[in-house]
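Inspection log for the structure reproduced underneath, given as structure tokens.
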Amino acid sequence: MSGGTARDPAGLPPAEHYEQWMREALTLAREAAAAREVPVGAVVVRWGTVIGRGRERKIELSDPTAHAEVLALREAAASLGDWRLEDCALFVTLEPCPMCAGAALLARVPLVVYGAANVKFGAIETRDSLLSGPAWNHRVRTVGGVLADEAAALLTEFFAAKRSGGL
């Protein structure tokens with residue numbers, strides 16, 4: 001699906017700001033890599049402000065659900081005092097997996113913007129199209145490929161270092 005329209009819910013950033021927010025997520029992805037976690041970062045944006053941040057923390061927290069998106073969604077919900085994130089956008093450096101796509105759907109996030117395709121677990125378009133199902137009572141617009149080369153390079157460098165014993 002494509003960028004912003006006049007029908008977007010209030011609070012969502014216009015398409016010309018997608019790279020700005022993806023750069024915030026990339027900063028978090030670099031922090032994850034520095035902590036020897038897979039370099040994935042995510043931010044939740046509402047009314048031009050980041051209200052949720054997350055980076056991969058599965059190893060640190062010994063938690064299989066500690067994906068960047070889930071942590072960013074949790075922080076955003078806590079900051080609003082509401083699990084419904086109906087006027088928020090989720091920006092993530094890697095295409096969400098089924099769990100994270102489902103979390104965005106259940107949080108009522110109307111827009112998910114991601115960077116690199118996720119060839120193993122991508123649930124937006126690469127391996128599955130979970131968010132475009134007609135059975136859901138909520139529609140999520142998705143935009144992929146924002147700063148994809150930069151996000152993919154972080155992942156490639158991380159896994160090359162891991163394979164060579166550098167991590």
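Following the order of the structure tokens, first chain is A, next is B, and so on, with residues numbered from 1 inside each chain and ligands from 1 in the order they appear.
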
Sorted by chain and rising residue number, which residues of region 77-102 of chain A lie within 10 Å of region 137-143 of chain A, and what are their closest atom pairs and distances in Å to one decimal, counting only C-alpha atoms, as JSON lines?
{"residue": "A:Glu86", "atom": "CA", "partner": "A:His138", "partner_atom": "CA", "distance": 9.8}
{"residue": "A:Ala89", "atom": "CA", "partner": "A:Arg141", "partner_atom": "CA", "distance": 9.6}
{"residue": "A:Leu90", "atom": "CA", "partner": "A:Thr142", "partner_atom": "CA", "distance": 9.6}
{"residue": "A:Phe91", "atom": "CA", "partner": "A:Val143", "partner_atom": "CA", "distance": 9.5}
{"residue": "A:Glu95", "atom": "CA", "partner": "A:Val143", "partner_atom": "CA", "distance": 9.8}
{"residue": "A:Ala101", "atom": "CA", "partner": "A:Val140", "partner_atom": "CA", "distance": 9.5}

Exercise. For Leu12 (chain A), which residue among A:Cys88, A:Ala34, A:Ala104, A:Leu26 is the nearest when counting only C-alpha atoms?
Worked result: A:Cys88

Exercise. Can you list, as a PyMOL selection string, every residue of region 12-162 of chain A that DSSP puts in helix (DSSP H, G or I)?
Worked result: chain A and resi 15-34+58-61+68-80+98-106+130-132+148-162

Exercise. Neighbours of Gly41 (chain A) within 6 Å (only C-alpha atoms; same-chain residues fewer than 6 positions away dropped), as JSON, numbers by chain?
Worked result: {"A": [25, 26, 28, 29, 54, 55, 68, 92, 93]}

For this session: Extract, using only C-alpha atoms, all DNA, RNA and protein residues at most 8 Å from Cys100 (chain A), discarding same-chain residues fewer than 2 positions from it, and format them as a ChimeraX atom specification.
Result: /A:67,69-70,96-98,102-104

For this session: Quick one: pick out all strand (DSSP E or B) residues within region 36-82 of chain A from a backbone DSSP run and write them as a VMD selection string.
Result: chain A and resid 41 to 46 49 to 55

Exercise. Residues at most 8 Å from Ala76 (chain A), counting only C-alpha atoms, excluding those fewer than 2 positions away in the same chain, as a PyMOL selection string?
Worked result: chain A and resi 44+51-53+72-74+78-80+85

Select from region 21-111 of chain A every residue with an atom at most 9 Å from any atom of region 149-161 of chain A, then for each give the shortest pair of atoms and their distance in Å to one decimal, using only C-alpha atoms, rows by chain and rising number, as CSV.
residue,atom,partner,partner_atom,distance
A:Leu26,CA,A:Ala151,CA,6.8
A:Ala29,CA,A:Leu154,CA,7.9
A:Arg30,CA,A:Leu154,CA,7.5
A:Ala33,CA,A:Phe158,CA,6.8
A:Arg36,CA,A:Phe158,CA,8.5
A:Glu37,CA,A:Phe158,CA,8.9
A:Val38,CA,A:Phe158,CA,7.2
A:Pro39,CA,A:Leu155,CA,6.1
A:Val40,CA,A:Leu155,CA,8.1
A:Thr93,CA,A:Ala151,CA,5.6
A:Leu94,CA,A:Ala151,CA,7.0

Exercise. Of the candidates A:Ile124, A:Leu71, A:Leu106, A:Leu111, which one gets nearest to Arg84 (chain A) if we count only C-alpha atoms?
Worked result: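 The answer is A:Leu106, which sits nearest to Arg84 (chain A).
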
For this session: Have a look at A:Ala15, A:Leu147, A:Ala107, A:Ala35 and name the one nearest to Leu61 (chain A); count only C-alpha atoms.
Result: A:Ala35

Exercise. Pick from A:Gly165, A:Ser129, A:Ala123, A:Tyr114: nearest to Tyr18 (chain A), with only C-alpha atoms counted?
Worked result: A:Tyr114

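Counting from CA of Thr65 (chain A), the distance to CA of Gly11 (chain A) is 27.3 Å.
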
Problem set entry | Pick from A:Met22, A:Ala32, A:Leu131, A:Ile59, whichever lies nearest to Val109 (chain A) using only C-alpha atoms |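 Selected residue with least distance to Val109 (chain A): A:Leu131.
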
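Separating CA of Glu75 (chain A) from CA of Val43 (chain A) is a distance of 9.5 Å.
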